[in-house]
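The file structure.txt contains compact mmCIF, C-alpha atoms:
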# COMPACT_ATOMS: atom_id res chain seq x y z
CA MET O 665 0.00 0.00 0.00
CA ILE O 666 2.74 2.44 0.92
CA SER O 667 4.57 1.81 -2.34
CA PHE O 668 1.37 2.60 -4.25
CA PHE O 669 0.86 5.95 -2.55
CA LEU O 670 4.55 6.88 -2.80
CA ASN O 671 4.18 6.65 -6.58
CA ALA O 672 0.77 8.31 -6.70
CA ALA O 673 -0.02 11.94 -7.40
CA SER O 674 0.97 14.47 -4.75
CA ASN O 675 -1.93 15.52 -2.54
CA SER O 676 -2.68 15.87 1.16
CA THR O 677 -4.93 12.77 1.31
CA ASN O 678 -2.22 10.48 -0.01
CA ARG O 679 0.33 11.96 2.36
CA VAL O 680 -1.95 11.22 5.32
CA TRP O 681 -2.22 7.58 4.21
CA ILE O 682 1.52 7.36 3.72
CA GLU O 683 2.30 8.77 7.15
CA THR O 684 -0.32 6.63 8.88
CA GLY O 685 1.00 3.42 7.33
CA LEU O 686 4.61 4.28 8.07
CA ALA O 687 3.89 5.26 11.67
CA CYS O 688 2.07 1.99 12.35
CA ARG O 689 4.84 -0.11 10.87
CA ALA O 690 7.53 1.87 12.73
CA LEU O 691 6.14 0.81 16.12
CA TRP O 692 7.05 -2.82 15.33
CA PHE O 693 10.68 -1.84 14.73
CA ILE O 694 11.38 0.38 17.75
CA GLY O 695 14.83 -0.27 19.17
CA THR O 696 18.24 1.22 19.86
CA LYS O 697 20.58 -0.55 17.44
CA HIS O 698 20.14 1.88 14.53
CA VAL O 699 19.09 5.47 13.90
CA CYS O 700 17.64 6.82 10.66
CA PRO O 701 19.18 10.25 9.99
CA CYS O 702 16.32 11.18 7.65
CA CYS O 703 13.62 11.03 10.33
CA GLY O 704 15.51 10.43 13.59
CA TRP O 705 13.66 7.15 14.31
CA LYS O 706 15.48 4.71 16.56
CA LEU O 707 15.02 1.13 15.42
CA ARG O 708 16.11 -2.43 16.04
CA ALA O 709 16.37 -3.32 12.34
CA PHE O 710 15.63 -2.17 8.82
CA THR O 711 12.89 -3.67 6.67
CA HIS O 712 12.15 -4.78 3.12
CA GLY O 713 10.04 -1.67 2.47
CA GLY O 714 6.41 -1.31 1.43
CA MET O 715 4.29 -2.77 4.25
CA SER O 716 6.74 -5.61 4.89
CA LEU O 717 7.59 -6.51 8.49
CA LYS O 718 10.52 -8.67 7.41
CA VAL O 719 14.01 -7.64 8.45
CA ARG O 720 16.51 -6.66 5.76
CA PRO O 721 20.06 -5.52 6.62
CA ASN O 722 20.68 -1.95 5.41
CA GLY O 723 17.15 -1.94 3.98
CA TYR O 724 14.37 0.60 4.37
CA CYS O 725 13.69 2.71 7.45
CA PRO O 726 10.32 1.50 8.77
CA ARG O 727 9.30 5.05 9.72
CA CYS O 728 10.13 7.17 6.66
CA ASN O 729 10.86 4.44 4.08
CA SER O 730 14.35 5.80 3.37
CA LYS O 731 16.76 3.58 1.50
CA ALA O 732 20.45 3.41 2.39
CA ARG O 733 21.19 5.98 -0.32
CA HIS O 734 18.70 8.45 1.13
CA ARG O 735 20.19 8.15 4.61
CA ARG O 736 23.65 8.61 3.16
CA ASP O 737 22.58 11.71 1.24
CA TRP O 738 20.81 13.22 4.25
CA LEU O 739 23.92 12.85 6.38
CA PHE O 740 25.92 14.64 3.70
CA LEU O 741 23.34 17.40 3.37
CA ALA O 742 23.17 17.93 7.12
CA GLU O 743 26.89 17.79 7.80
CA LYS O 744 28.54 19.22 4.68
CA THR O 745 26.15 21.78 3.18
CA ASN O 746 24.28 24.89 4.32
CA LEU O 747 20.88 23.35 3.54
CA LEU O 748 19.71 23.31 7.15
CA THR O 749 21.43 26.49 8.31
CA GLU O 750 20.63 29.16 5.70
CA PRO O 751 17.58 30.28 3.69
CA LEU O 752 17.72 28.60 0.29
CA ARG O 753 15.67 28.12 -2.84
CA LEU O 754 15.96 24.39 -3.50
CA LEU O 755 15.18 22.39 -6.64
CA HIS O 756 14.56 18.71 -5.81
CA VAL O 757 14.40 16.57 -8.95
CA SER O 758 12.10 13.56 -8.55
CA PRO O 759 11.85 14.10 -4.77
CA LYS O 760 12.65 11.14 -2.58
CA TYR O 761 9.86 11.00 0.00
CA ALA O 762 12.11 10.24 2.97
CA ILE O 763 13.97 13.50 2.29
CA SER O 764 11.25 15.77 0.90
CA ARG O 765 8.80 15.02 3.74
CA ARG O 766 11.21 16.80 6.05
CA LEU O 767 12.55 19.54 3.81
CA THR O 768 9.09 20.81 2.91
CA LYS O 769 8.45 21.52 6.59
CA ILE O 770 11.44 23.84 6.99
CA PRO O 771 10.26 27.47 6.60
CA ALA O 772 13.67 28.75 5.47
CA ILE O 773 13.69 26.42 2.45
CA ASP O 774 11.77 27.49 -0.66
CA PHE O 775 11.17 23.94 -1.87
CA VAL O 776 10.46 23.30 -5.57
CA GLY O 777 9.80 19.65 -6.39
CA VAL O 778 9.64 18.48 -10.01
CA ASP O 779 9.12 15.12 -11.68
CA LEU O 780 7.89 13.62 -14.93
CA GLU O 781 5.36 11.51 -13.04
CA GLY O 782 3.19 12.44 -10.07
CA ARG O 783 4.77 11.83 -6.69
CA PRO O 784 4.42 13.49 -3.28
CA HIS O 785 6.00 16.95 -3.05
CA ALA O 786 6.44 17.21 -6.84
CA PRO O 787 3.40 19.08 -8.21
CA LEU O 788 5.30 20.37 -11.27
CA LYS O 789 5.67 18.05 -14.27
CA VAL O 790 9.14 18.82 -15.61
CA ASP O 791 11.60 17.13 -17.94
CA ILE O 792 15.08 18.03 -16.68
CA GLN O 793 16.31 18.03 -20.26
CA ASP O 794 14.28 21.25 -20.62
CA ILE O 795 13.81 22.92 -17.21
CA PRO O 796 11.23 25.75 -17.38
CA PHE O 797 13.01 28.09 -14.95
CA GLU O 798 15.22 31.09 -15.60
CA SER O 799 18.98 30.73 -15.41
CA ASN O 800 20.53 31.23 -11.95
CA SER O 801 17.23 30.48 -10.17
CA PHE O 802 18.25 28.08 -7.38
CA ASP O 803 20.71 28.14 -4.51
CA ALA O 804 20.83 24.34 -4.35
CA ILE O 805 19.75 21.24 -6.27
CA ILE O 806 19.17 17.65 -5.16
CA CYS O 807 19.18 15.00 -7.90
CA ILE O 808 19.35 11.44 -6.55
CA HIS O 809 19.40 8.45 -8.94
CA VAL O 810 17.71 10.31 -11.80
CA LEU O 811 20.28 10.82 -14.58
CA GLU O 812 20.56 7.09 -15.34
CA HIS O 813 16.92 7.31 -16.50
CA VAL O 814 17.42 10.32 -18.80
CA GLU O 815 17.99 9.83 -22.52
CA ASN O 816 20.18 12.91 -23.00
CA ASP O 817 22.04 13.25 -19.73
CA THR O 818 24.45 15.81 -21.21
CA CYS O 819 21.51 18.10 -21.86
CA ALA O 820 20.09 17.43 -18.37
CA MET O 821 23.41 18.18 -16.67
CA GLY O 822 23.64 21.40 -18.66
CA GLU O 823 20.16 22.41 -17.56
CA LEU O 824 20.94 21.72 -13.91
CA PHE O 825 24.05 23.86 -14.22
CA ARG O 826 22.12 26.64 -15.97
CA VAL O 827 19.43 27.04 -13.32
CA LEU O 828 21.90 26.88 -10.42
CA LYS O 829 23.03 30.25 -9.08
CA PRO O 830 26.74 31.14 -9.11
CA GLY O 831 28.09 29.99 -5.77
CA GLY O 832 25.35 27.36 -5.49
CA TRP O 833 25.70 23.61 -5.12
CA ALA O 834 24.09 20.42 -6.36
CA LEU O 835 24.07 17.01 -4.70
CA ILE O 836 24.02 14.43 -7.48
CA SER O 837 24.18 10.67 -7.11
CA VAL O 838 23.84 7.77 -9.55
CA PRO O 839 24.48 4.01 -9.51
CA ILE O 840 28.12 3.74 -10.51
CA ASP O 841 30.85 1.20 -11.20
CA PHE O 842 34.30 2.75 -10.83
CA ASP O 843 35.95 -0.28 -12.46
CA ARG O 844 34.82 0.70 -15.94
CA ALA O 845 33.83 3.64 -18.10
CA THR O 846 30.21 4.65 -18.61
CA TYR O 847 28.39 2.18 -20.84
CA GLU O 848 25.42 3.20 -22.96
CA ASP O 849 23.80 2.04 -26.16
CA PRO O 850 20.77 4.02 -27.44
CA SER O 851 19.73 1.07 -29.61
CA ILE O 852 18.84 -0.94 -26.49
CA VAL O 853 15.21 -0.06 -25.79
CA ASP O 854 13.65 -3.33 -24.65
CA PRO O 855 13.11 -3.20 -20.85
CA GLN O 856 14.52 -6.68 -20.27
CA GLU O 857 17.58 -5.94 -22.38
CA ARG O 858 18.08 -2.70 -20.47
CA LYS O 859 17.94 -4.61 -17.22
CA GLN O 860 20.54 -7.03 -18.52
CA HIS O 861 22.88 -4.30 -19.78
CA PHE O 862 22.26 -1.40 -17.38
CA GLY O 863 20.98 -3.02 -14.19
CA GLU O 864 17.30 -1.96 -14.26
CA GLU O 865 14.53 -1.91 -16.84
CA GLN O 866 14.22 1.89 -16.80
CA HIS O 867 17.93 2.66 -16.92
CA VAL O 868 19.40 3.86 -20.21
CA ARG O 869 23.08 3.63 -19.19
CA ALA O 870 25.44 2.30 -16.55
CA TYR O 871 27.70 5.03 -15.19
CA GLY O 872 31.40 4.48 -14.65
CA ARG O 873 34.55 6.22 -13.48
CA ASP O 874 34.16 9.06 -16.03
CA PHE O 875 30.94 10.36 -14.43
CA ALA O 876 32.70 13.28 -12.73
CA GLU O 877 34.21 14.27 -16.08
CA ARG O 878 30.75 14.33 -17.64
CA LEU O 879 29.56 16.68 -14.91
CA GLN O 880 32.64 18.87 -15.30
CA ALA O 881 31.99 19.14 -19.04
CA SER O 882 28.71 20.85 -18.16
CA GLY O 883 30.55 23.47 -16.11
CA PHE O 884 30.40 22.03 -12.60
CA ASN O 885 33.25 21.86 -10.16
CA VAL O 886 32.99 18.32 -8.79
CA ARG O 887 34.07 16.72 -5.54
CA LEU O 888 33.50 13.01 -4.96
CA ASP O 889 32.55 11.93 -1.44
CA ARG O 890 32.84 8.13 -1.36
CA GLY O 891 30.53 6.04 0.77
CA ALA O 892 33.32 3.58 1.44
CA ASP O 893 35.29 6.31 3.24
CA LEU O 894 32.69 6.78 5.96
CA PRO O 895 33.60 5.44 9.43
CA ALA O 896 32.52 1.83 9.98
CA GLU O 897 30.49 2.78 13.06
CA THR O 898 28.59 5.44 11.09
CA LYS O 899 27.73 2.94 8.37
CA LYS O 900 26.57 0.37 10.90
CA ARG O 901 24.56 2.85 12.97
CA HIS O 902 22.68 4.29 10.01
CA GLY O 903 22.50 1.25 7.72
CA LEU O 904 24.71 2.64 4.96
CA LEU O 905 26.41 0.93 2.02
CA ASP O 906 29.89 1.40 0.58
CA ASP O 907 28.65 2.02 -2.96
CA GLU O 908 26.47 5.05 -2.22
CA ASN O 909 28.60 7.96 -3.39
CA VAL O 910 27.90 11.68 -3.47
CA PHE O 911 29.05 13.98 -6.24
CA TYR O 912 29.08 17.46 -4.72
CA CYS O 913 28.88 19.88 -7.62
CA THR O 914 29.34 23.63 -7.38
CA LYS O 915 29.03 26.58 -9.75
CA THR O 916 31.83 29.10 -9.54
CA ALA O 917 30.72 32.38 -7.95
CA THR O 918 31.34 35.15 -10.47

What would the structure in this file look like if it were written as structure tokens?
Amino acid sequence: MISFFLNAASNSTNRVWIETGLACRALWFIGTKHVCPCCGWKLRAFTHGGMSLKVRPNGYCPRCNSKARHRRDWLFLAEKTNLLTEPLRLLHVSPKYAISRRLTKIPAIDFVGVDLEGRPHAPLKVDIQDIPFESNSFDAIICIHVLEHVENDTCAMGELFRVLKPGGWALISVPIDFDRATYEDPSIVDPQERKQHFGEEQHVRAYGRDFAERLQASGFNVRLDRGADLPAETKKRHGLLDDENVFYCTKTAT
């Protein structure tokens, strides 16, 4: 049920159902072994997601439904950016519910959520290959596991750079394999073939070690923050994975 509403159109009724379902499930997982940084819930174990009560190591937070990547990104946002300390206009591309449910409640953040399909906190239908905002419109951008779904990622990266203000930053993450270069083949359109070649049916490429260079070609200054470099205790406490990496992209202030 929760998975259905998380992918449904954004409205207050659906959000009530989402929160009610998550709150009920969270009671079953109360504990002290782990803490979800996205919602602050203390839990004994992570879950398989949806309405599942089965335990899954480094799985979903039972309270906010965050995945390991969302918890990783929230820690980075909280500890290494000004997102929670300064007034910002924020563009969140395809908002991840575990993150957007909290950010939309912060008065100092002018939250703008966009997506091609309806989802909570994304009322604007936008293709990031053609973003309908003026240049230099946003202080910050969050784009988590989106670019691997976009046909022309060069165009999308250029658009993200264009709408970011000079001096602004973008948190960008994608599935990535540092042992090879980015692999893509536009002729592969069958969902099952895409899954075989790129990892998932909706992916159009598999990113590799040249991903930072692709971002730099769009104008960004790029710093890689590797998940594997986090302290072991931090990863254990928050249910994080080594392969969740953050590309912290900035636009030179001129």

(request) Around the point (10.7, 19.8, -17.8), in the coordinates given by the file, pick out the residues reaching within 12 Å, counting all atoms listed in the file, and return them as a PyMOL selection string. (result) chain O and resi 757-758+777-781+788-797+814+819-820+823-824

(message) Considering all atoms listed in the file, can you say which of O:Leu748, O:Val910, O:Leu754, O:Ala876 comes closest to Ile808 in chain O?
(response) O:Val910

(request) Using all atoms listed in the file, find the one residue out of O:Asp817, O:Asp874, O:His902, O:Val838 that sits nearest to Thr696 in chain O. (result) O:His902

(message) I'd like the neighbourhood of Trp692 in chain O as a VMD selection string, where a residue qualifies if any of its atoms comes within 9 Å (using only C-alpha atoms), though same-chain residues fewer than 4 positions away should be ignored.
(response) chain O and resid 688 707 717 726

(request) Choose the residue, out of O:His698, O:Phe693, O:Gln866, O:Arg708, that has the smallest atom-to-atom separation from Glu897 in chain O; count only C-alpha atoms. (result)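 Ranking O:His698, O:Phe693, O:Gln866, O:Arg708 by distance to Glu897 in chain O, first place goes to O:His698.
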
(message) Would you compute the distance between CA of His867 in chain O and CA of Glu812 in chain O? Give it in Å to one decimal.
(response)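 Distance between the two atoms: 5.4 Å.
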
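Considering the residues O:Ala917, O:Gly822, O:Pro895, O:Pro855 and counting only C-alpha atoms, Ala881 in chain O has its shortest atom-to-atom contact with O:Gly822.
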
Give me the residues of range 869-916 of chain O that have any atom at most 7 Å from an atom of range 727-746 of chain O; for each, the nearest atom pair and the distance in Å, rounded to one decimal. Use all atoms listed in the file, sort by chain and number, and format it as a tab-separated table.
residue	atom	partner	partner_atom	distance
O:Gly903	CA	O:Ala732	CA	6.1
O:Leu904	CA	O:Ala732	CA	5.0
O:Leu905	CA	O:Ala732	CA	6.5
O:Glu908	CA	O:Arg733	CA	5.7

(request) Figure out the distance between CA of Leu811 in chain O and CA of Gln860 in chain O, please, to one decimal in Å. (result)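 For CA of Gln860 in chain O relative to CA of Leu811 in chain O, the distance reads 18.3 Å.
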
(request) Mind giving me the straight-line distance from CA of Arg783 in chain O to CA of Met821 in chain O in Å, one decimal? (result) 22.1 Å
